[in-house]
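To be precise, the following lines are input09.cif, and they hold mmCIF, C-alpha atoms.
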data_final
loop_
_atom_site.label_atom_id
_atom_site.label_comp_id
_atom_site.auth_asym_id
_atom_site.auth_seq_id
_atom_site.Cartn_x
_atom_site.Cartn_y
_atom_site.Cartn_z
CA MET A 1 19.74 8.10 53.38
CA THR A 2 20.13 4.69 55.03
CA PHE A 3 22.05 2.08 53.05
CA SER A 4 20.20 -1.20 52.58
CA PRO A 5 22.25 -4.22 51.54
CA ALA A 6 21.05 -6.40 48.70
CA LYS A 7 19.18 -9.56 49.61
CA LEU A 8 21.15 -12.79 49.53
CA ASP A 9 19.66 -14.95 46.77
CA MET A 10 22.05 -17.72 45.75
CA LEU A 11 20.22 -21.03 46.15
CA HIS A 12 19.72 -21.17 42.38
CA ALA A 13 23.48 -21.78 42.03
CA ILE A 14 23.09 -25.15 43.75
CA ALA A 15 22.05 -26.54 40.35
CA ARG A 16 25.73 -26.38 39.35
CA LEU A 17 26.46 -29.12 41.88
CA LYS A 18 24.39 -31.65 39.93
CA ARG A 19 26.56 -34.68 39.23
CA ALA A 20 27.09 -36.43 35.93
CA PRO A 21 26.46 -40.20 35.95
CA ASN A 22 30.18 -40.97 35.74
CA GLU A 23 31.36 -38.70 38.56
CA HIS A 24 33.38 -40.13 41.47
CA LYS A 25 34.61 -38.86 44.84
CA GLY A 26 37.50 -37.06 43.19
CA ASN A 27 35.01 -34.83 41.41
CA ALA A 28 33.44 -33.90 44.74
CA GLY A 29 36.71 -32.69 46.25
CA LYS A 30 38.97 -33.45 49.18
CA ALA A 31 38.30 -31.39 52.30
CA VAL A 32 40.42 -31.22 55.43
CA LEU A 33 39.08 -29.66 58.62
CA ILE A 34 41.32 -28.91 61.60
CA GLY A 35 40.40 -28.46 65.25
CA GLY A 36 39.01 -30.58 68.04
CA ALA A 37 41.32 -29.75 70.95
CA PRO A 38 40.72 -31.64 74.23
CA GLY A 39 37.17 -31.04 75.43
CA MET A 40 36.08 -29.59 72.08
CA ALA A 41 36.13 -32.55 69.69
CA GLY A 42 32.37 -32.23 69.16
CA ALA A 43 32.82 -28.95 67.30
CA LEU A 44 35.08 -30.55 64.71
CA LEU A 45 32.81 -33.59 64.43
CA LEU A 46 29.82 -31.34 63.71
CA ALA A 47 31.75 -29.45 61.04
CA GLY A 48 32.87 -32.76 59.57
CA LYS A 49 29.35 -34.19 59.55
CA ALA A 50 28.07 -31.10 57.74
CA CYS A 51 30.88 -31.38 55.20
CA LEU A 52 30.14 -35.06 54.63
CA HIS A 53 26.36 -34.74 54.36
CA LEU A 54 26.59 -31.80 51.97
CA GLY A 55 28.66 -33.74 49.50
CA SER A 56 32.42 -33.54 49.94
CA GLY A 57 34.14 -36.48 48.28
CA TRP A 58 36.61 -36.92 51.15
CA THR A 59 36.14 -35.41 54.60
CA ILE A 60 39.38 -35.57 56.61
CA LEU A 61 39.47 -34.36 60.20
CA GLU A 62 42.80 -33.40 61.75
CA MET A 63 41.96 -33.82 65.44
CA LEU A 64 44.17 -32.13 68.05
CA ASP A 65 42.76 -34.23 70.91
CA PRO A 66 44.56 -37.62 70.99
CA SER A 67 41.69 -39.32 72.83
CA SER A 68 39.21 -38.33 70.10
CA ALA A 69 41.43 -39.13 67.10
CA LYS A 70 39.80 -42.44 66.24
CA ALA A 71 37.10 -43.79 63.97
CA HIS A 72 33.67 -42.50 64.92
CA ASP A 73 31.22 -45.36 65.49
CA LEU A 74 28.19 -43.43 64.27
CA GLN A 75 29.97 -41.73 61.35
CA PRO A 76 32.73 -44.05 60.10
CA GLU A 77 32.85 -42.19 56.78
CA LEU A 78 34.79 -39.41 58.50
CA MET A 79 38.53 -39.89 58.09
CA ILE A 80 39.71 -38.86 61.56
CA ARG A 81 43.45 -38.48 62.11
CA LEU A 82 45.57 -37.31 64.99
CA ALA A 83 46.99 -33.93 64.03
CA GLU A 84 50.68 -34.34 63.29
CA ASP A 85 53.52 -32.40 64.86
CA GLU A 86 54.60 -31.05 61.45
CA PRO A 87 51.50 -29.38 60.00
CA ASN A 88 53.18 -28.03 56.85
CA LEU A 89 54.27 -31.53 55.88
CA ALA A 90 50.87 -32.99 56.75
CA LEU A 91 49.02 -30.47 54.60
CA SER A 92 51.41 -31.07 51.72
CA GLN A 93 50.83 -34.82 51.91
CA ILE A 94 47.03 -34.51 52.11
CA ALA A 95 46.90 -32.16 49.09
CA ALA A 96 43.43 -30.93 50.01
CA ASP A 97 41.19 -29.05 47.62
CA VAL A 98 39.77 -27.01 50.52
CA ILE A 99 40.92 -26.37 54.10
CA ALA A 100 38.88 -25.28 57.12
CA ILE A 101 40.33 -24.52 60.52
CA GLY A 102 38.83 -23.35 63.79
CA PRO A 103 36.03 -25.57 65.18
CA GLY A 104 37.19 -26.56 68.66
CA LEU A 105 40.75 -25.56 67.76
CA GLY A 106 41.69 -23.97 71.07
CA GLN A 107 44.44 -21.40 71.41
CA SER A 108 47.47 -23.53 72.26
CA GLU A 109 50.88 -23.22 70.65
CA PHE A 110 50.05 -26.37 68.67
CA ALA A 111 46.87 -24.69 67.37
CA PHE A 112 48.92 -21.62 66.46
CA GLN A 113 51.35 -23.72 64.42
CA TRP A 114 48.56 -25.47 62.54
CA LEU A 115 46.90 -22.15 61.74
CA LYS A 116 50.19 -20.68 60.58
CA ALA A 117 50.69 -23.69 58.28
CA CYS A 118 47.19 -23.27 56.83
CA LEU A 119 47.84 -19.60 56.10
CA GLU A 120 51.07 -20.57 54.35
CA TYR A 121 49.38 -23.25 52.24
CA PRO A 122 48.92 -21.89 48.70
CA ARG A 123 45.88 -21.49 46.50
CA ALA A 124 43.32 -23.76 48.17
CA PRO A 125 40.18 -22.07 49.50
CA LEU A 126 40.55 -21.52 53.24
CA ILE A 127 37.70 -21.21 55.75
CA LEU A 128 38.57 -19.62 59.11
CA ASP A 129 36.25 -19.73 62.10
CA ALA A 130 36.08 -19.78 65.90
CA ASP A 131 39.46 -20.04 67.62
CA ALA A 132 41.29 -19.52 64.35
CA LEU A 133 39.85 -16.00 64.46
CA ASN A 134 40.72 -15.55 68.13
CA LEU A 135 44.31 -16.55 67.42
CA ILE A 136 44.50 -14.11 64.50
CA ALA A 137 43.04 -11.34 66.69
CA ASP A 138 45.86 -11.86 69.17
CA SER A 139 48.73 -12.15 66.68
CA GLU A 140 50.06 -9.61 64.21
CA VAL A 141 52.09 -12.45 62.68
CA LEU A 142 48.97 -14.45 61.82
CA LEU A 143 47.00 -11.39 60.70
CA ASN A 144 49.80 -10.36 58.35
CA ALA A 145 50.04 -13.93 57.05
CA LEU A 146 46.31 -13.85 56.23
CA ARG A 147 46.62 -10.51 54.48
CA GLN A 148 49.64 -11.67 52.47
CA ARG A 149 47.83 -14.83 51.45
CA ASN A 150 44.93 -12.76 50.20
CA ILE A 151 47.28 -10.57 48.16
CA LYS A 152 48.76 -13.65 46.50
CA PHE A 153 45.47 -15.54 46.18
CA PRO A 154 42.56 -13.08 46.12
CA GLY A 155 39.15 -14.43 47.03
CA GLN A 156 40.54 -17.62 48.51
CA SER A 157 39.82 -17.09 52.19
CA VAL A 158 36.65 -16.53 54.19
CA ILE A 159 36.24 -15.64 57.86
CA THR A 160 32.96 -16.31 59.67
CA PRO A 161 32.96 -14.38 62.97
CA HIS A 162 30.05 -14.04 65.33
CA PRO A 163 29.78 -10.59 66.94
CA GLY A 164 32.10 -11.50 69.83
CA GLU A 165 34.85 -12.73 67.52
CA ALA A 166 34.35 -9.71 65.29
CA ALA A 167 34.79 -7.44 68.32
CA LYS A 168 38.02 -9.16 69.24
CA LEU A 169 39.38 -8.76 65.71
CA LEU A 170 38.46 -5.07 65.66
CA LYS A 171 39.62 -4.39 69.24
CA THR A 172 36.22 -3.14 70.33
CA LYS A 173 33.16 -4.27 72.28
CA THR A 174 30.49 -6.66 71.05
CA GLU A 175 27.84 -3.97 71.60
CA ASN A 176 29.66 -1.71 69.12
CA ILE A 177 29.57 -4.46 66.49
CA GLN A 178 25.85 -4.93 66.95
CA THR A 179 25.12 -1.21 66.92
CA ASN A 180 26.54 -0.81 63.41
CA ARG A 181 26.92 -4.19 61.79
CA LEU A 182 27.44 -2.83 58.28
CA ASP A 183 30.33 -0.65 59.39
CA ALA A 184 31.85 -3.54 61.33
CA LEU A 185 31.55 -5.76 58.27
CA GLN A 186 33.44 -3.30 56.09
CA GLN A 187 36.12 -2.86 58.75
CA LEU A 188 36.62 -6.64 58.86
CA VAL A 189 36.97 -6.76 55.08
CA SER A 190 39.53 -3.95 55.19
CA LEU A 191 41.43 -5.52 58.09
CA THR A 192 41.70 -9.05 56.70
CA GLN A 193 41.14 -8.62 52.94
CA SER A 194 39.00 -11.77 53.19
CA ILE A 195 35.45 -12.68 52.33
CA VAL A 196 33.60 -11.95 55.57
CA VAL A 197 30.43 -13.47 57.00
CA LEU A 198 29.30 -11.48 60.02
CA LYS A 199 26.95 -13.93 61.68
CA GLY A 200 23.86 -13.01 63.67
CA GLN A 201 20.31 -12.00 62.92
CA HIS A 202 20.34 -11.25 59.18
CA SER A 203 23.93 -12.40 58.59
CA LEU A 204 25.93 -10.08 56.34
CA ILE A 205 28.43 -11.11 53.66
CA ALA A 206 30.93 -8.95 51.80
CA SER A 207 34.41 -8.90 50.31
CA ALA A 208 36.72 -6.37 48.74
CA HIS A 209 35.32 -7.39 45.34
CA HIS A 210 31.61 -7.95 46.10
CA GLU A 211 28.72 -5.84 47.32
CA VAL A 212 27.22 -6.42 50.74
CA LEU A 213 24.55 -9.11 50.88
CA GLN A 214 22.11 -9.76 53.71
CA CYS A 215 20.56 -13.13 54.54
CA ASP A 216 16.93 -12.56 55.48
CA ALA A 217 16.36 -16.20 56.45
CA GLY A 218 17.09 -17.68 59.86
CA ASN A 219 15.54 -17.76 63.31
CA PRO A 220 16.48 -17.62 67.02
CA GLY A 221 16.59 -21.41 67.21
CA MET A 222 19.96 -21.19 65.48
CA GLY A 223 21.39 -19.59 68.60
CA THR A 224 22.86 -22.78 70.01
CA GLY A 225 26.35 -24.20 70.27
CA GLY A 226 27.52 -25.94 67.14
CA MET A 227 25.51 -24.01 64.54
CA GLY A 228 28.59 -22.06 63.52
CA ASP A 229 30.56 -25.28 63.15
CA VAL A 230 27.86 -26.59 60.83
CA LEU A 231 28.16 -23.45 58.70
CA THR A 232 31.94 -23.92 58.49
CA GLY A 233 31.52 -27.50 57.34
CA SER A 234 28.85 -26.49 54.85
CA ILE A 235 30.99 -23.82 53.20
CA THR A 236 33.82 -26.35 53.06
CA ALA A 237 31.69 -29.01 51.36
CA ILE A 238 30.29 -26.69 48.71
CA ALA A 239 33.69 -25.16 48.03
CA ALA A 240 35.23 -28.64 47.70
CA GLN A 241 32.65 -29.63 45.09
CA GLY A 242 32.92 -26.21 43.52
CA VAL A 243 36.55 -26.78 42.50
CA ARG A 244 35.30 -29.00 39.65
CA HIS A 245 31.75 -27.68 39.44
CA HIS A 246 32.75 -24.06 38.82
CA ILE A 247 31.61 -22.54 42.11
CA ASP A 248 34.15 -20.19 43.67
CA LEU A 249 34.57 -19.51 47.39
CA TRP A 250 32.39 -16.39 47.35
CA GLU A 251 29.55 -18.33 45.75
CA ALA A 252 30.08 -21.35 48.02
CA THR A 253 29.91 -19.07 51.05
CA CYS A 254 26.73 -17.38 49.88
CA ILE A 255 25.07 -20.70 49.08
CA ALA A 256 26.01 -22.18 52.45
CA VAL A 257 24.82 -19.20 54.49
CA GLU A 258 21.44 -19.13 52.77
CA LEU A 259 21.01 -22.91 52.77
CA HIS A 260 21.87 -23.07 56.48
CA ALA A 261 19.36 -20.40 57.48
CA THR A 262 16.62 -21.64 55.12
CA ALA A 263 16.92 -25.20 56.39
CA ALA A 264 16.56 -23.94 59.97
CA ASP A 265 13.42 -22.04 58.97
CA ASP A 266 12.01 -25.11 57.24
CA LEU A 267 12.47 -27.13 60.42
CA VAL A 268 10.65 -24.52 62.49
CA ARG A 269 7.75 -24.63 60.03
CA LYS A 270 7.63 -28.39 60.60
CA GLY A 271 7.45 -27.90 64.36
CA VAL A 272 11.10 -28.70 65.06
CA GLY A 273 12.14 -25.71 67.12
CA PRO A 274 12.90 -22.91 67.42
CA ILE A 275 13.52 -24.01 71.03
CA GLY A 276 15.58 -27.19 71.01
CA LEU A 277 16.57 -27.00 67.33
CA THR A 278 19.89 -28.80 67.01
CA PRO A 279 22.80 -28.46 64.60
CA THR A 280 22.54 -32.16 63.69
CA GLU A 281 18.90 -31.78 62.65
CA THR A 282 19.87 -28.74 60.60
CA ILE A 283 22.56 -30.70 58.73
CA LEU A 284 20.07 -33.32 57.60
CA GLU A 285 17.52 -30.69 56.55
CA MET A 286 20.21 -28.88 54.57
CA ARG A 287 21.03 -32.08 52.70
CA CYS A 288 17.36 -32.60 51.87
CA LEU A 289 16.92 -29.04 50.63
CA LEU A 290 20.14 -29.08 48.61
CA ASN A 291 19.08 -32.22 46.73
CA LYS A 292 15.64 -30.77 46.01
CA LEU A 293 17.31 -27.75 44.38
CA LEU A 294 19.65 -29.65 42.05
#

Using structure tokens, write down the structure that the file contains.
Amino acid sequence: MTFSPAKLDMLHAIARLKRAPNEHKGNAGKAVLIGGAPGMAGALLLAGKACLHLGSGWTILEMLDPSSAKAHDLQPELMIRLAEDEPNLALSQIAADVIAIGPGLGQSEFAFQWLKACLEYPRAPLILDADALNLIADSEVLLNALRQRNIKFPGQSVITPHPGEAAKLLKTKTENIQTNRLDALQQLVSLTQSIVVLKGQHSLIASAHHEVLQCDAGNPGMGTGGMGDVLTGSITAIAAQGVRHHIDLWEATCIAVELHATAADDLVRKGVGPIGLTPTETILEMRCLLNKLL
């Protein structure tokens, strides 16, 4: 008998994000996102824009590329800083509610040190994507740090690999991931002890404490560079607001995955895509949909 995962159905939980008249930016959370190595600043900017437009009170970008670590003319609300040489101290000073690392991070020694510092940072929800996953795949030190963090703070990390990143983590080929995505998902949960989003057609979500869920929304137009960065920023924004709106990281992840895919489908219905659908358009559609569901 073939196992069929339950359908992802979490958009109703968006109502918990509704703000009281007296709420301020502190109620919406402080998010820090780390990445943007030389030549890849756009990835971090996309994640930051998603985080900002989906409601984070503060969106701080720790940019590894010195030439890109400046105020963004078209999005001055983003607090863009040059990543400091002492990441543990920087994270302590920021005192973020939520941390995301990976978009455009690269795999330098500097990136390694920032990732190590994030894994050592206690309690705060942690979103890991892109090169953060590639670094973990290549380092037993980082993998063990992730596992130890999850023992101390269960349910406080999520990884969001696409099939290629999943294959690297599991030391196999991408084709093997795609042949049996459910098995790969469970292996990733076992390996990392994290919440796992295995991206792709009908993205799958699971953790050691939750059943497998499948997102039935989404379309091929999402297969373009930057869509994963938008998802990272979206999870970060909802988790940041969730700290004071009683939405945990599992719920924030589920909401973001479904909102992301549903917004992309809504755009296609409006004639925007699938060919040429952009991550930036998807961010704005997600904001519109989120506010309709409050």

Mind telling me what the PyMOL selection byres ((chain A and resi 290) around 9) catches here, as a list in words?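 So the PyMOL selection byres ((chain A and resi 290) around 9) ends up selecting Leu11, Ile14, Ala15, Leu54, Leu259, Glu285, Met286, Arg287, Cys288, Leu289, Asn291, Lys292, Leu293 and Leu294 of chain A.
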
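Atom CA of Leu91 of chain A to atom CA of Glu109 of chain A spans 17.7 Å [interatomic distance, one decimal].
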
Among the residues A:Leu52, A:Leu17, A:Met63, A:Ala95, the one that comes closest to Pro76 of chain A [using only C-alpha atoms]: A:Leu52

List the residues matched by the PyMOL selection byres ((chain A and resi 53) around 9) in the displayed structure as a ChimeraX atom specification, ordered by chain and then by residue number. /A:48-52,54-56,234,237,283-284,286-287

Ranking A:Val243, A:Ile101, A:Asn27, A:Gly221 by minimum distance to Arg269 of chain A and counting only C-alpha atoms, which one comes first?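 Closest candidate: A:Gly221.
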
What is the distance, in Å and to one decimal place, between atom CA of Gly242 of chain A and atom CA of Lys18 of chain A? 10.7 Å

Å distance separating atom CA of Leu188 of chain A from atom CA of Pro125 of chain A, one decimal place: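 Calculated distance between atom CA of Leu188 of chain A and atom CA of Pro125 of chain A is 18.4 Å.
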
List as a PyMOL selection string the protein and nucleic acid residues near segment 204-218 of chain A, meaning an atom at most 7 Å away when all atoms listed in the file are counted, but skip any in the same chain fewer than 6 places from it. chain A and resi 5-8+189+193-198+258+261-262+264-265

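Nearest residue to Pro279 of chain A, choosing from A:Ser139, A:Thr232, A:Thr179, A:Thr253 and counting all atoms listed in the file: A:Thr232.
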
My list of candidates is A:Met10, A:Ala28, A:Val257, A:Ala132. Which is closest to His245 of chain A when distances are computed with all atoms listed in the file?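 Nearest candidate to His245 of chain A out of A:Met10, A:Ala28, A:Val257, A:Ala132: A:Ala28.
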
Output of the PyMOL selection byres ((chain A and resi 166) around 9), listed as a count of residues only: 21

Pick out the closest residue to Ile235 of chain A from this set: A:Ala31, A:Ala252, A:Ala37, A:Ala90. Count all atoms listed in the file.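 So, comparing all the options, the nearest one is A:Ala252.
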
Check the smallest atom-to-atom distance from each of A:Leu115, A:Ile80, A:Gln148, A:Pro154 to Leu135 of chain A using all atoms listed in the file, then report the winner.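 Closest residue, counting all atoms listed in the file: A:Leu115.
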
Residues within 9 Å of (35.3, -22.2, 46.2), file coords, only C-alpha atoms, listed as a list in words: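 Residues lying no farther than 9 Å from the given point: Val98, Ala124, Pro125, Leu126, Gly155, Gln156, Ile235, Thr236, Ile238, Ala239, Ala240, Gln241, Gly242, Val243, His246, Ile247, Asp248, Leu249, Trp250, Glu251, Ala252 and Thr253 of chain A.
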
Six-sided padding of 6 Å per side, axis-aligned box over segment 54-61 of chain A, centre and edges in Å, one decimal, as JSON:
{"center_x": 33.0, "center_y": -34.4, "center_z": 54.2, "size_x": 24.9, "size_y": 17.1, "size_z": 23.9}

Can you find the residues with an atom no farther than 10 Å from (40.7, -34.7, 59.3), counting all atoms listed in the file, and report them as a count of residues only? 26
